[in-house]
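upload.cif (mmCIF, N, CA and C atoms)
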```cif
data_input
#
loop_
_atom_site.label_atom_id
_atom_site.label_comp_id
_atom_site.auth_asym_id
_atom_site.auth_seq_id
_atom_site.Cartn_x
_atom_site.Cartn_y
_atom_site.Cartn_z
N MET A 27 107.53 158.06 93.95
CA MET A 27 107.13 156.69 94.15
C MET A 27 105.81 156.46 93.42
N ASN A 28 105.76 155.38 92.63
CA ASN A 28 104.54 155.11 91.88
C ASN A 28 103.51 154.39 92.76
N ARG A 29 102.33 154.23 92.20
CA ARG A 29 101.20 153.67 92.94
C ARG A 29 101.48 152.25 93.44
N GLN A 30 102.07 151.42 92.59
CA GLN A 30 102.36 150.04 92.98
C GLN A 30 103.38 149.98 94.12
N ASP A 31 104.38 150.85 94.07
CA ASP A 31 105.36 150.90 95.15
C ASP A 31 104.71 151.29 96.47
N LYS A 32 103.77 152.24 96.42
CA LYS A 32 103.05 152.64 97.63
C LYS A 32 102.22 151.49 98.19
N LYS A 33 101.57 150.75 97.29
CA LYS A 33 100.78 149.59 97.73
C LYS A 33 101.67 148.55 98.39
N ASN A 34 102.80 148.27 97.77
CA ASN A 34 103.73 147.29 98.33
C ASN A 34 104.27 147.75 99.68
N LEU A 35 104.56 149.03 99.80
CA LEU A 35 105.06 149.58 101.06
C LEU A 35 103.99 149.47 102.16
N THR A 36 102.75 149.77 101.82
CA THR A 36 101.66 149.67 102.80
C THR A 36 101.45 148.22 103.22
N ARG A 37 101.44 147.31 102.26
CA ARG A 37 101.27 145.88 102.57
C ARG A 37 102.41 145.39 103.47
N THR A 38 103.62 145.81 103.17
CA THR A 38 104.78 145.42 103.98
C THR A 38 104.69 146.00 105.38
N LYS A 39 104.26 147.24 105.48
CA LYS A 39 104.12 147.88 106.79
C LYS A 39 103.10 147.13 107.64
N ILE A 40 101.96 146.81 107.07
CA ILE A 40 100.92 146.07 107.80
C ILE A 40 101.46 144.72 108.26
N THR A 41 102.12 144.01 107.37
CA THR A 41 102.64 142.68 107.67
C THR A 41 103.71 142.74 108.77
N THR A 42 104.60 143.70 108.68
CA THR A 42 105.67 143.83 109.67
C THR A 42 105.10 144.16 111.04
N VAL A 43 104.17 145.09 111.08
CA VAL A 43 103.53 145.44 112.36
C VAL A 43 102.80 144.24 112.92
N PHE A 44 102.09 143.51 112.08
CA PHE A 44 101.36 142.32 112.50
C PHE A 44 102.30 141.30 113.14
N ILE A 45 103.39 140.99 112.47
CA ILE A 45 104.33 139.99 112.99
C ILE A 45 104.90 140.45 114.33
N ASN A 46 105.26 141.72 114.42
CA ASN A 46 105.78 142.24 115.70
C ASN A 46 104.75 142.16 116.81
N LEU A 47 103.50 142.51 116.50
CA LEU A 47 102.45 142.44 117.52
C LEU A 47 102.17 141.02 117.96
N VAL A 48 102.18 140.09 117.03
CA VAL A 48 101.95 138.68 117.38
C VAL A 48 103.08 138.20 118.29
N HIS A 49 104.30 138.62 118.02
CA HIS A 49 105.42 138.26 118.90
C HIS A 49 105.21 138.83 120.29
N GLN A 50 104.72 140.05 120.38
CA GLN A 50 104.54 140.72 121.66
C GLN A 50 103.30 140.24 122.41
N LYS A 51 102.15 140.18 121.72
CA LYS A 51 100.87 139.97 122.37
C LYS A 51 100.24 138.60 122.13
N GLY A 52 100.73 137.90 121.12
CA GLY A 52 100.09 136.66 120.71
C GLY A 52 99.04 136.95 119.66
N PHE A 53 98.72 135.95 118.87
CA PHE A 53 97.77 136.12 117.78
C PHE A 53 96.38 136.49 118.29
N THR A 54 95.92 135.78 119.30
CA THR A 54 94.56 135.99 119.82
C THR A 54 94.37 137.41 120.34
N ASN A 55 95.39 137.97 120.97
CA ASN A 55 95.28 139.30 121.57
C ASN A 55 95.59 140.44 120.61
N THR A 56 96.00 140.12 119.40
CA THR A 56 96.29 141.15 118.41
C THR A 56 95.01 141.50 117.66
N THR A 57 94.67 142.78 117.61
CA THR A 57 93.45 143.22 116.94
C THR A 57 93.79 144.05 115.70
N ILE A 58 92.80 144.21 114.84
CA ILE A 58 92.97 145.06 113.67
C ILE A 58 93.29 146.49 114.11
N SER A 59 92.64 146.93 115.17
CA SER A 59 92.92 148.28 115.70
C SER A 59 94.36 148.42 116.14
N ASP A 60 94.90 147.39 116.80
CA ASP A 60 96.31 147.42 117.19
C ASP A 60 97.21 147.59 115.97
N ILE A 61 96.92 146.80 114.95
CA ILE A 61 97.74 146.81 113.73
C ILE A 61 97.68 148.18 113.07
N THR A 62 96.47 148.69 112.88
CA THR A 62 96.33 149.96 112.15
C THR A 62 96.89 151.14 112.94
N GLN A 63 96.70 151.13 114.25
CA GLN A 63 97.25 152.22 115.07
C GLN A 63 98.77 152.23 115.01
N GLN A 64 99.37 151.06 115.17
CA GLN A 64 100.83 151.00 115.17
C GLN A 64 101.40 151.28 113.78
N ALA A 65 100.67 150.90 112.74
CA ALA A 65 101.13 151.15 111.37
C ALA A 65 100.83 152.57 110.93
N GLY A 66 99.99 153.28 111.67
CA GLY A 66 99.62 154.64 111.30
C GLY A 66 98.70 154.68 110.10
N LEU A 67 97.80 153.70 110.02
CA LEU A 67 96.87 153.59 108.90
C LEU A 67 95.44 153.51 109.41
N SER A 68 94.49 153.76 108.54
CA SER A 68 93.08 153.61 108.91
C SER A 68 92.66 152.15 108.79
N ARG A 69 91.58 151.81 109.47
CA ARG A 69 91.04 150.44 109.37
C ARG A 69 90.64 150.16 107.92
N GLY A 70 90.10 151.16 107.26
CA GLY A 70 89.70 151.00 105.87
C GLY A 70 90.87 150.61 104.98
N THR A 71 92.03 151.21 105.23
CA THR A 71 93.22 150.87 104.46
C THR A 71 93.59 149.41 104.69
N PHE A 72 93.50 148.97 105.94
CA PHE A 72 93.80 147.56 106.25
C PHE A 72 92.91 146.65 105.41
N TYR A 73 91.61 146.97 105.37
CA TYR A 73 90.66 146.10 104.68
C TYR A 73 90.78 146.16 103.15
N VAL A 74 91.50 147.13 102.62
CA VAL A 74 91.79 147.14 101.19
C VAL A 74 92.72 145.98 100.85
N TYR A 75 93.59 145.62 101.79
CA TYR A 75 94.62 144.62 101.55
C TYR A 75 94.28 143.24 102.11
N PHE A 76 93.53 143.20 103.22
CA PHE A 76 93.26 141.93 103.89
C PHE A 76 91.81 141.88 104.36
N LEU A 77 91.23 140.68 104.38
CA LEU A 77 89.85 140.51 104.84
C LEU A 77 89.75 140.65 106.35
N ASP A 78 90.71 140.08 107.06
CA ASP A 78 90.76 140.10 108.52
C ASP A 78 92.15 139.63 108.95
N LYS A 79 92.35 139.45 110.24
CA LYS A 79 93.68 139.05 110.69
C LYS A 79 94.00 137.61 110.31
N TYR A 80 92.99 136.79 110.11
CA TYR A 80 93.21 135.41 109.67
C TYR A 80 93.70 135.38 108.22
N ASP A 81 93.14 136.24 107.40
CA ASP A 81 93.60 136.37 106.02
C ASP A 81 95.04 136.86 105.99
N LEU A 82 95.35 137.84 106.84
CA LEU A 82 96.71 138.35 106.93
C LEU A 82 97.68 137.25 107.36
N LEU A 83 97.30 136.47 108.36
CA LEU A 83 98.13 135.35 108.82
C LEU A 83 98.36 134.35 107.70
N GLU A 84 97.32 134.04 106.97
CA GLU A 84 97.44 133.09 105.86
C GLU A 84 98.40 133.62 104.79
N LYS A 85 98.33 134.90 104.50
CA LYS A 85 99.23 135.49 103.50
C LYS A 85 100.67 135.50 103.99
N VAL A 86 100.88 135.75 105.28
CA VAL A 86 102.22 135.70 105.86
C VAL A 86 102.77 134.27 105.74
N GLU A 87 101.94 133.30 106.07
CA GLU A 87 102.37 131.89 105.98
C GLU A 87 102.67 131.49 104.54
N ASN A 88 101.80 131.90 103.61
CA ASN A 88 102.03 131.56 102.20
C ASN A 88 103.32 132.17 101.68
N ASN A 89 103.60 133.41 102.10
CA ASN A 89 104.84 134.06 101.70
C ASN A 89 106.05 133.30 102.25
N LEU A 90 105.96 132.89 103.50
CA LEU A 90 107.02 132.11 104.12
C LEU A 90 107.24 130.80 103.36
N LEU A 91 106.15 130.12 103.04
CA LEU A 91 106.26 128.86 102.30
C LEU A 91 106.84 129.06 100.91
N LYS A 92 106.50 130.17 100.28
CA LYS A 92 107.05 130.48 98.96
C LYS A 92 108.57 130.64 99.04
N HIS A 93 109.04 131.34 100.07
CA HIS A 93 110.48 131.51 100.26
C HIS A 93 111.15 130.17 100.53
N ILE A 94 110.53 129.34 101.34
CA ILE A 94 111.09 128.02 101.63
C ILE A 94 111.15 127.18 100.36
N GLU A 95 110.10 127.23 99.55
CA GLU A 95 110.08 126.48 98.30
C GLU A 95 111.21 126.93 97.37
N THR A 96 111.40 128.25 97.27
CA THR A 96 112.47 128.78 96.42
C THR A 96 113.83 128.30 96.91
N LEU A 97 114.06 128.40 98.22
CA LEU A 97 115.34 127.95 98.77
C LEU A 97 115.51 126.45 98.62
N SER A 98 114.42 125.69 98.73
CA SER A 98 114.50 124.25 98.55
C SER A 98 114.91 123.88 97.13
N THR A 99 114.37 124.60 96.16
CA THR A 99 114.73 124.36 94.77
C THR A 99 116.21 124.64 94.56
N ILE A 100 116.70 125.71 95.15
CA ILE A 100 118.13 126.04 95.06
C ILE A 100 118.95 124.94 95.73
N THR A 101 118.46 124.44 96.86
CA THR A 101 119.17 123.39 97.59
C THR A 101 119.32 122.13 96.76
N ILE A 102 118.28 121.75 96.04
CA ILE A 102 118.35 120.55 95.20
C ILE A 102 119.45 120.69 94.15
N SER A 103 119.50 121.84 93.51
CA SER A 103 120.54 122.09 92.50
C SER A 103 121.93 122.05 93.14
N LYS A 104 122.03 122.67 94.31
CA LYS A 104 123.33 122.70 94.99
C LYS A 104 123.75 121.30 95.43
N THR A 105 122.79 120.49 95.85
CA THR A 105 123.11 119.13 96.29
C THR A 105 123.72 118.33 95.14
N VAL A 106 123.12 118.44 93.97
CA VAL A 106 123.64 117.73 92.80
C VAL A 106 125.06 118.22 92.49
N SER A 107 125.25 119.53 92.47
CA SER A 107 126.58 120.09 92.20
C SER A 107 127.58 119.68 93.27
N TRP A 108 127.14 119.72 94.52
CA TRP A 108 128.03 119.38 95.62
C TRP A 108 128.48 117.92 95.52
N LEU A 109 127.56 117.03 95.21
CA LEU A 109 127.91 115.61 95.11
C LEU A 109 128.89 115.36 93.96
N ASP A 110 128.76 116.14 92.90
CA ASP A 110 129.69 115.99 91.76
C ASP A 110 131.08 116.52 92.09
N ASN A 111 131.17 117.54 92.94
CA ASN A 111 132.45 118.17 93.23
C ASN A 111 132.45 118.80 94.62
N PRO A 112 132.50 117.97 95.69
CA PRO A 112 132.46 118.53 97.04
C PRO A 112 133.72 119.34 97.36
N SER A 113 133.51 120.54 97.95
CA SER A 113 134.65 121.35 98.32
C SER A 113 134.25 122.31 99.46
N GLY A 114 135.22 122.69 100.27
CA GLY A 114 134.96 123.64 101.35
C GLY A 114 134.22 123.03 102.52
N ASP A 115 133.99 123.85 103.53
CA ASP A 115 133.27 123.42 104.73
C ASP A 115 131.80 123.20 104.40
N ILE A 116 131.30 122.05 104.74
CA ILE A 116 129.94 121.67 104.34
C ILE A 116 128.85 122.56 104.94
N LEU A 117 129.10 123.17 106.09
CA LEU A 117 128.07 124.00 106.73
C LEU A 117 128.12 125.47 106.35
N SER A 118 129.28 125.97 105.97
CA SER A 118 129.38 127.41 105.75
C SER A 118 129.69 127.81 104.31
N THR A 119 129.95 126.86 103.44
CA THR A 119 130.24 127.18 102.05
C THR A 119 128.92 127.42 101.31
N PRO A 120 128.75 128.59 100.68
CA PRO A 120 127.49 128.88 99.99
C PRO A 120 127.08 127.86 98.93
N SER A 121 128.04 127.13 98.37
CA SER A 121 127.68 126.12 97.36
C SER A 121 127.25 124.80 97.99
N SER A 122 127.38 124.69 99.30
CA SER A 122 126.98 123.47 100.01
C SER A 122 125.46 123.40 100.12
N PRO A 123 124.87 122.20 99.94
CA PRO A 123 123.41 122.08 100.12
C PRO A 123 122.97 122.42 101.54
N TYR A 124 123.81 122.19 102.51
CA TYR A 124 123.46 122.47 103.89
C TYR A 124 123.34 123.96 104.16
N PHE A 125 124.09 124.76 103.43
CA PHE A 125 124.03 126.20 103.59
C PHE A 125 122.61 126.71 103.31
N SER A 126 122.00 126.22 102.24
CA SER A 126 120.62 126.61 101.92
C SER A 126 119.64 126.09 102.95
N LEU A 127 119.86 124.88 103.43
CA LEU A 127 118.97 124.34 104.46
C LEU A 127 119.05 125.17 105.73
N ILE A 128 120.24 125.61 106.08
CA ILE A 128 120.40 126.48 107.25
C ILE A 128 119.63 127.78 107.03
N ASN A 129 119.70 128.32 105.82
CA ASN A 129 118.95 129.55 105.51
C ASN A 129 117.44 129.32 105.64
N ILE A 130 116.97 128.18 105.18
CA ILE A 130 115.53 127.85 105.28
C ILE A 130 115.11 127.86 106.75
N TRP A 131 115.89 127.21 107.60
CA TRP A 131 115.52 127.14 109.01
C TRP A 131 115.63 128.49 109.70
N GLN A 132 116.53 129.34 109.23
CA GLN A 132 116.60 130.69 109.80
C GLN A 132 115.34 131.47 109.45
N ILE A 133 114.83 131.32 108.23
CA ILE A 133 113.58 131.99 107.83
C ILE A 133 112.42 131.47 108.68
N VAL A 134 112.37 130.16 108.88
CA VAL A 134 111.31 129.58 109.70
C VAL A 134 111.40 130.12 111.13
N LYS A 135 112.62 130.18 111.66
CA LYS A 135 112.80 130.67 113.03
C LYS A 135 112.33 132.12 113.16
N LEU A 136 112.67 132.97 112.20
CA LEU A 136 112.29 134.37 112.26
C LEU A 136 110.78 134.57 112.16
N ASN A 137 110.08 133.64 111.52
CA ASN A 137 108.66 133.80 111.28
C ASN A 137 107.81 132.77 112.01
N ARG A 138 108.37 132.11 112.99
CA ARG A 138 107.68 130.97 113.61
C ARG A 138 106.48 131.34 114.45
N THR A 139 106.49 132.46 115.14
CA THR A 139 105.43 132.77 116.09
C THR A 139 104.05 132.82 115.44
N PRO A 140 103.84 133.56 114.34
CA PRO A 140 102.50 133.55 113.75
C PRO A 140 102.05 132.15 113.33
N CYS A 141 102.97 131.36 112.79
CA CYS A 141 102.61 130.01 112.34
C CYS A 141 102.28 129.11 113.53
N ILE A 142 103.06 129.18 114.58
CA ILE A 142 102.83 128.36 115.77
C ILE A 142 101.49 128.71 116.39
N LYS A 143 101.19 130.00 116.49
CA LYS A 143 99.92 130.41 117.10
C LYS A 143 98.74 129.85 116.31
N LYS A 144 98.84 129.83 114.99
CA LYS A 144 97.73 129.30 114.19
C LYS A 144 97.60 127.79 114.43
N LEU A 145 98.73 127.07 114.46
CA LEU A 145 98.68 125.64 114.67
C LEU A 145 98.10 125.30 116.03
N GLN A 146 98.37 126.14 117.04
CA GLN A 146 97.83 125.88 118.37
C GLN A 146 96.30 126.03 118.39
N ARG A 147 95.75 126.82 117.49
CA ARG A 147 94.29 127.00 117.43
C ARG A 147 93.60 125.79 116.83
N LEU A 148 94.31 125.03 115.99
CA LEU A 148 93.68 123.92 115.27
C LEU A 148 93.39 122.74 116.16
#
```

Show me this structure written as structure tokens.
Amino acid sequence: MNRQDKKNLTRTKITTVFINLVHQKGFTNTTISDITQQAGLSRGTFYVYFLDKYDLLEKVENNLLKHIETLSTITISKTVSWLDNPSGDILSTPSSPYFSLINIWQIVKLNRTPCIKKLQRL
């Protein structure tokens, strides 16, 4: 495994542990120590990748928004194609614009807790 792969793996591990802890304990009760202990990493390693838990939350949210934007772009293309030649069940056919919208909402549902906790703080 090369250096970049290791960095990506570490970043993913931190993010996954963070999301799980926020689901379990809530954002306010999740600490850097909790994250690093559960991820099996040092605090120093955490700070190589993120400034603090707020920075980590922001990066998780930005990643989520990036995925939503990508799926939205696909949905626009599919909508145009669908209107030109509608076929199949509108909710379950992969070429249907609604199929992509359902995928977007599934991503939001899977990642909603960290985002909701941040909005509640505002």

Margin query: Just to confirm, what's the straight-line distance from CA of Asn55 (chain A) to CA of Ile130 (chain A) in Å (one decimal)?
Written below: 28.4 Å

Notebook entry, point to check: What is the CA of Gln30 (chain A) to CA of Leu97 (chain A) distance in Å?
Noted result: 26.3 Å

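The space separating atom C of Tyr73 (chain A) from atom C of Asn28 (chain A) comes to 18.4 Å.
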
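Each of A:Gln63, A:Ser68, A:Thr41, A:Thr57 was compared to Leu82 (chain A) using all atoms listed in the file, and A:Thr41 turns out to be the nearest.
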
Note to self: Residues near Leu90 (chain A), anyone? I mean within 8 Å using only C-alpha atoms, not counting same-chain ones fewer than 2 positions away, as a list of chain:residue names.
What the structure shows: A:Val86, A:Glu87, A:Asn88, A:Lys92, A:His93, A:Ile94, A:Ile133, A:Val134, A:Asn137
